[in-house]
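Read through the structure below, which is laid out as structure tokens, and then see the notes.
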Amino acid sequence: FGLHYRAMVNFNSAVNILEVVRVSPPSSNSLTLPLTYFDLGWLKLHPVDRVLFYRVPELTRSSLITKLKSSLSATLLHYLPLAGRLVWDSIDTKPSIVYSPNNDDAVYLTVAESNGGLSHLAGDEPRSATEFHPLVPELPVSDESAGVLAVQITFFPNQGFCLGVTAHHAVLDGKTTAMFLKTWAHNCKQEQECGHISLPLPHDLIPSLDRTIVQDPTGLETKLLNRWISASNNKPSLKLFPSKKIGSDIFRVTYRLTQEDIKKLRERVETESHAKQLRLSTFVITYAYVITCMVKMRGGEPTRFVCIGFSSDFRSRLNPPLPSTFFGNCIVGSGDFDVKAEPILEEGEGKGFISAVESLTGWVNGLCPENIEKNMLLPFEAFKRMEPGRQMISVAGSTRLGIYGSDFGWGKPVKVEIVTIDKDGSVSLSESGDGSGGVEIGLCLKKDDVERFCSLFSRGLK
């Protein structure tokens, strides 16, 4: 973690758009998929942008684009909603995902080329956050219609390529995104090895599109829709909330916890905490440690409030459970919008970290079907009373998605980044790309904060 300001250079590189093409599934029928309350919770939040970097020096651009296009088309046959649009007509009670070959619905694929350094972008050292914005496409959004998925292939001559994926959060969560990427990779790799795609998809990559299995006994759908309509001048609208503008003073950096680091942190809690039945999963240990470092990095008055949140997959938590391959959103947020900084700022060997673990344990224990409505409606009220400048810490991604398993036939990605964490203060978490069982932690911070966080992060592990 010997980071220095000289590493924080905005490498002047150009990304040139070469073409934008439409990729459609093979001949297929129309489809209408209504949103569930799990989807509606994310209706007006910004899309999730991911970039996967692949180091393949010998690859030619024509070969790359041809194979990715044809395998994407084959993949969309199984993931038809991704080729459609999110539609909310004034006569409809709620939005639906609509795919119609008669409307020429398709995924827009942007082909670009960069003269930048792939190794620099795919590194861990601080890089200007704005360098990643040209690597992801934008989704068209209006009051009545919104794009669902857009992809961009950026070729780095003699280095490799990156795949930028922009996904509407009201249509798919991280689990569904990971399934789609792994299916696309599976098809592309098979096409390279066999010359065509013939074998059926593995069962765990076939999405379940049945929406009737999501029960809504309390009318949560209507409650969420009413709140979104109220937030849009009392009219139905799919327009997203404005995203924060990112300046040149924000830097993206990656930190890592090894299996041994996590083991030591877990043992510290077991030795020093007096609480019983703590949850000491990799997620709780990692996120508690990051929260501790971020709150101490900001410092300030102990009486100040911090907003801490995370989301959890509810597919297996429902009764009866949903299929593990359920398509769409099935995540519910938890946490606390009014966490006092004082116990986390407390001095002493690991006291702040242990306090964070104990708090996270309580929030995770509250993740049950009975609390879904409370957890999904709480943000609407909490944001109304939140003062400007309050520190917000949330999680994007997961260590269980297996994004690094997306091998398109040229090997696994050397790095995966969630670009959108620079807009909302999220922390990105993923499994370690080297398969060692560790955790990758992505942050976007101001220059001075990078040094402070780095010092706290490394010192706490010693």
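Ordering of the structure tokens sets the chain letters (A, B, ...), residue numbers begin anew at 1 in every chain, and ligands are numbered from 1 in the order given.
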(message) Need the shell around Leu172 of chain A: protein/DNA/RNA residues with any atom at most 12 Å away, counting only C-alpha atoms. Skip same-chain ones fewer than 5 positions apart. Format as a VMD selection string?
(response) chain A and resid 35 to 36 38 to 43 47 to 48 79 81 to 82 86 97 148 to 149 166 to 167 177 to 180 207 209 325 to 331
(request) Enumerate the residues of segment 256-393 of chain A with a DSSP assignment of strand (DSSP E), computed from the backbone, and present them as a PyMOL selection string. (result) chain A and resi 256-257+305-313+331-340+391-393
(message) So, with only C-alpha atoms as the atoms that count, which of A:Gly350, A:Leu401, A:Arg22, A:Tyr255 lies closest to Thr271 of chain A?
(response)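 Of all the options, A:Gly350 lies closest to Thr271 of chain A.
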Give me the segment 41-73 of chain A side of the contact with segment 421-424 of chain A, cut-off 10 Å, one line per residue showing its nearest atom pair and distance in Å at one decimal, counting only C-alpha atoms, sorted by chain and residue number, as a tab-separated table.
residue	atom	partner	partner_atom	distance
A:His46	CA	A:Lys423	CA	9.0
A:Val48	CA	A:Ile421	CA	8.7
A:Asp49	CA	A:Ile421	CA	8.8
A:Arg50	CA	A:Ile421	CA	9.9
Keeping only N, CA, C and O atoms, write those residues as an mmCIF file, in the first residue's frame.
data_model
loop_
_atom_site.group_PDB
_atom_site.id
_atom_site.type_symbol
_atom_site.label_atom_id
_atom_site.label_comp_id
_atom_site.auth_asym_id
_atom_site.auth_seq_id
_atom_site.Cartn_x
_atom_site.Cartn_y
_atom_site.Cartn_z
ATOM 1 N N HIS A 46 -29.765 5.393 -10.721
ATOM 2 C CA HIS A 46 -28.917 5.319 -11.910
ATOM 3 C C HIS A 46 -28.539 3.878 -12.243
ATOM 4 O O HIS A 46 -28.497 3.007 -11.370
ATOM 5 N N VAL A 48 -26.317 0.527 -13.327
ATOM 6 C CA VAL A 48 -25.055 -0.005 -12.813
ATOM 7 C C VAL A 48 -24.113 -0.233 -13.994
ATOM 8 O O VAL A 48 -24.456 -0.953 -14.938
ATOM 9 N N ASP A 49 -22.945 0.392 -13.948
ATOM 10 C CA ASP A 49 -21.948 0.289 -15.012
ATOM 11 C C ASP A 49 -20.792 -0.582 -14.542
ATOM 12 O O ASP A 49 -20.168 -0.285 -13.510
ATOM 13 N N ARG A 50 -20.514 -1.649 -15.283
ATOM 14 C CA ARG A 50 -19.367 -2.507 -14.987
ATOM 15 C C ARG A 50 -18.412 -2.505 -16.168
ATOM 16 O O ARG A 50 -18.824 -2.393 -17.313
#
(message) I'd like the neighbourhood of segment 303-308 of chain A as a ChimeraX atom specification, where a residue qualifies if any of its atoms comes within 10 Å (using only C-alpha atoms), though same-chain residues fewer than 6 positions away should be ignored.
(response) /A:291,295,334-343,360,382,386-387,389-395,426
Could those selected residues go to a file with N, CA and C atoms, as a PDB file, in the first residue's frame?
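Writing done, so here's out.pdb:
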ATOM      1  N   ILE A 291     -16.000   0.063   6.712  1.00  0.00           N
ATOM      2  CA  ILE A 291     -16.767   1.116   7.395  1.00  0.00           C
ATOM      3  C   ILE A 291     -15.896   1.822   8.431  1.00  0.00           C
ATOM      4  N   VAL A 295     -15.087   5.824   8.223  1.00  0.00           N
ATOM      5  CA  VAL A 295     -15.561   6.755   9.247  1.00  0.00           C
ATOM      6  C   VAL A 295     -14.377   7.463   9.905  1.00  0.00           C
ATOM      7  N   SER A 334     -30.726  -3.022   3.693  1.00  0.00           N
ATOM      8  CA  SER A 334     -30.775  -2.978   5.150  1.00  0.00           C
ATOM      9  C   SER A 334     -29.688  -2.015   5.629  1.00  0.00           C
ATOM     10  N   GLY A 335     -29.676  -1.772   6.913  1.00  0.00           N
ATOM     11  CA  GLY A 335     -28.697  -0.850   7.476  1.00  0.00           C
ATOM     12  C   GLY A 335     -29.383   0.183   8.346  1.00  0.00           C
ATOM     13  N   ASP A 336     -28.746   1.348   8.479  1.00  0.00           N
ATOM     14  CA  ASP A 336     -29.277   2.403   9.337  1.00  0.00           C
ATOM     15  C   ASP A 336     -28.862   3.749   8.758  1.00  0.00           C
ATOM     16  N   PHE A 337     -29.830   4.650   8.627  1.00  0.00           N
ATOM     17  CA  PHE A 337     -29.540   5.972   8.075  1.00  0.00           C
ATOM     18  C   PHE A 337     -29.001   6.935   9.129  1.00  0.00           C
ATOM     19  N   ASP A 338     -29.065   6.545  10.387  1.00  0.00           N
ATOM     20  CA  ASP A 338     -28.680   7.446  11.473  1.00  0.00           C
ATOM     21  C   ASP A 338     -27.732   6.747  12.446  1.00  0.00           C
ATOM     22  N   VAL A 339     -26.593   6.304  11.928  1.00  0.00           N
ATOM     23  CA  VAL A 339     -25.591   5.656  12.768  1.00  0.00           C
ATOM     24  C   VAL A 339     -24.706   6.730  13.400  1.00  0.00           C
ATOM     25  N   LYS A 340     -24.555   6.686  14.701  1.00  0.00           N
ATOM     26  CA  LYS A 340     -23.655   7.614  15.372  1.00  0.00           C
ATOM     27  C   LYS A 340     -22.206   7.217  15.067  1.00  0.00           C
ATOM     28  N   ALA A 341     -21.392   8.197  14.718  1.00  0.00           N
ATOM     29  CA  ALA A 341     -19.992   7.918  14.411  1.00  0.00           C
ATOM     30  C   ALA A 341     -19.184   7.576  15.660  1.00  0.00           C
ATOM     31  N   GLU A 342     -19.677   7.988  16.808  1.00  0.00           N
ATOM     32  CA  GLU A 342     -18.899   7.900  18.044  1.00  0.00           C
ATOM     33  C   GLU A 342     -18.340   6.511  18.356  1.00  0.00           C
ATOM     34  N   PRO A 343     -19.141   5.447  18.373  1.00  0.00           N
ATOM     35  CA  PRO A 343     -18.563   4.139  18.727  1.00  0.00           C
ATOM     36  C   PRO A 343     -17.539   3.641  17.712  1.00  0.00           C
ATOM     37  N   LEU A 360     -23.479  -4.543  12.208  1.00  0.00           N
ATOM     38  CA  LEU A 360     -23.797  -5.296  10.991  1.00  0.00           C
ATOM     39  C   LEU A 360     -24.506  -6.604  11.314  1.00  0.00           C
ATOM     40  N   ALA A 382     -36.290   8.582   4.905  1.00  0.00           N
ATOM     41  CA  ALA A 382     -34.995   8.961   5.464  1.00  0.00           C
ATOM     42  C   ALA A 382     -34.309  10.047   4.648  1.00  0.00           C
ATOM     43  N   MET A 386     -32.462  14.025   5.542  1.00  0.00           N
ATOM     44  CA  MET A 386     -31.011  13.886   5.630  1.00  0.00           C
ATOM     45  C   MET A 386     -30.318  15.184   5.263  1.00  0.00           C
ATOM     46  N   GLU A 387     -29.435  15.632   6.148  1.00  0.00           N
ATOM     47  CA  GLU A 387     -28.751  16.899   5.909  1.00  0.00           C
ATOM     48  C   GLU A 387     -27.652  16.725   4.860  1.00  0.00           C
ATOM     49  N   GLY A 389     -24.130  16.663   3.054  1.00  0.00           N
ATOM     50  CA  GLY A 389     -22.789  16.385   3.546  1.00  0.00           C
ATOM     51  C   GLY A 389     -22.675  15.183   4.458  1.00  0.00           C
ATOM     52  N   ARG A 390     -23.812  14.553   4.795  1.00  0.00           N
ATOM     53  CA  ARG A 390     -23.712  13.373   5.663  1.00  0.00           C
ATOM     54  C   ARG A 390     -22.948  12.273   4.934  1.00  0.00           C
ATOM     55  N   GLN A 391     -22.051  11.616   5.645  1.00  0.00           N
ATOM     56  CA  GLN A 391     -21.280  10.529   5.050  1.00  0.00           C
ATOM     57  C   GLN A 391     -22.190   9.343   4.772  1.00  0.00           C
ATOM     58  N   MET A 392     -22.136   8.861   3.522  1.00  0.00           N
ATOM     59  CA  MET A 392     -22.949   7.723   3.127  1.00  0.00           C
ATOM     60  C   MET A 392     -22.040   6.594   2.674  1.00  0.00           C
ATOM     61  N   ILE A 393     -22.259   5.403   3.207  1.00  0.00           N
ATOM     62  CA  ILE A 393     -21.448   4.237   2.873  1.00  0.00           C
ATOM     63  C   ILE A 393     -22.396   3.097   2.519  1.00  0.00           C
ATOM     64  N   SER A 394     -22.271   2.584   1.308  1.00  0.00           N
ATOM     65  CA  SER A 394     -23.108   1.454   0.888  1.00  0.00           C
ATOM     66  C   SER A 394     -22.269   0.499   0.052  1.00  0.00           C
ATOM     67  N   VAL A 395     -22.870  -0.618  -0.319  1.00  0.00           N
ATOM     68  CA  VAL A 395     -22.136  -1.675  -1.017  1.00  0.00           C
ATOM     69  C   VAL A 395     -22.704  -1.885  -2.408  1.00  0.00           C
ATOM     70  N   SER A 426     -20.588   4.410  -2.949  1.00  0.00           N
ATOM     71  CA  SER A 426     -20.597   2.980  -2.659  1.00  0.00           C
ATOM     72  C   SER A 426     -19.176   2.423  -2.575  1.00  0.00           C
TER      73      SER A 426
END
(message) To test your reading of the structure, identify every residue in segment 250-315 of chain A that backbone DSSP assigns to alpha helix (DSSP H), and report it as a PyMOL selection string.
(response) chain A and resi 259-272+282-298
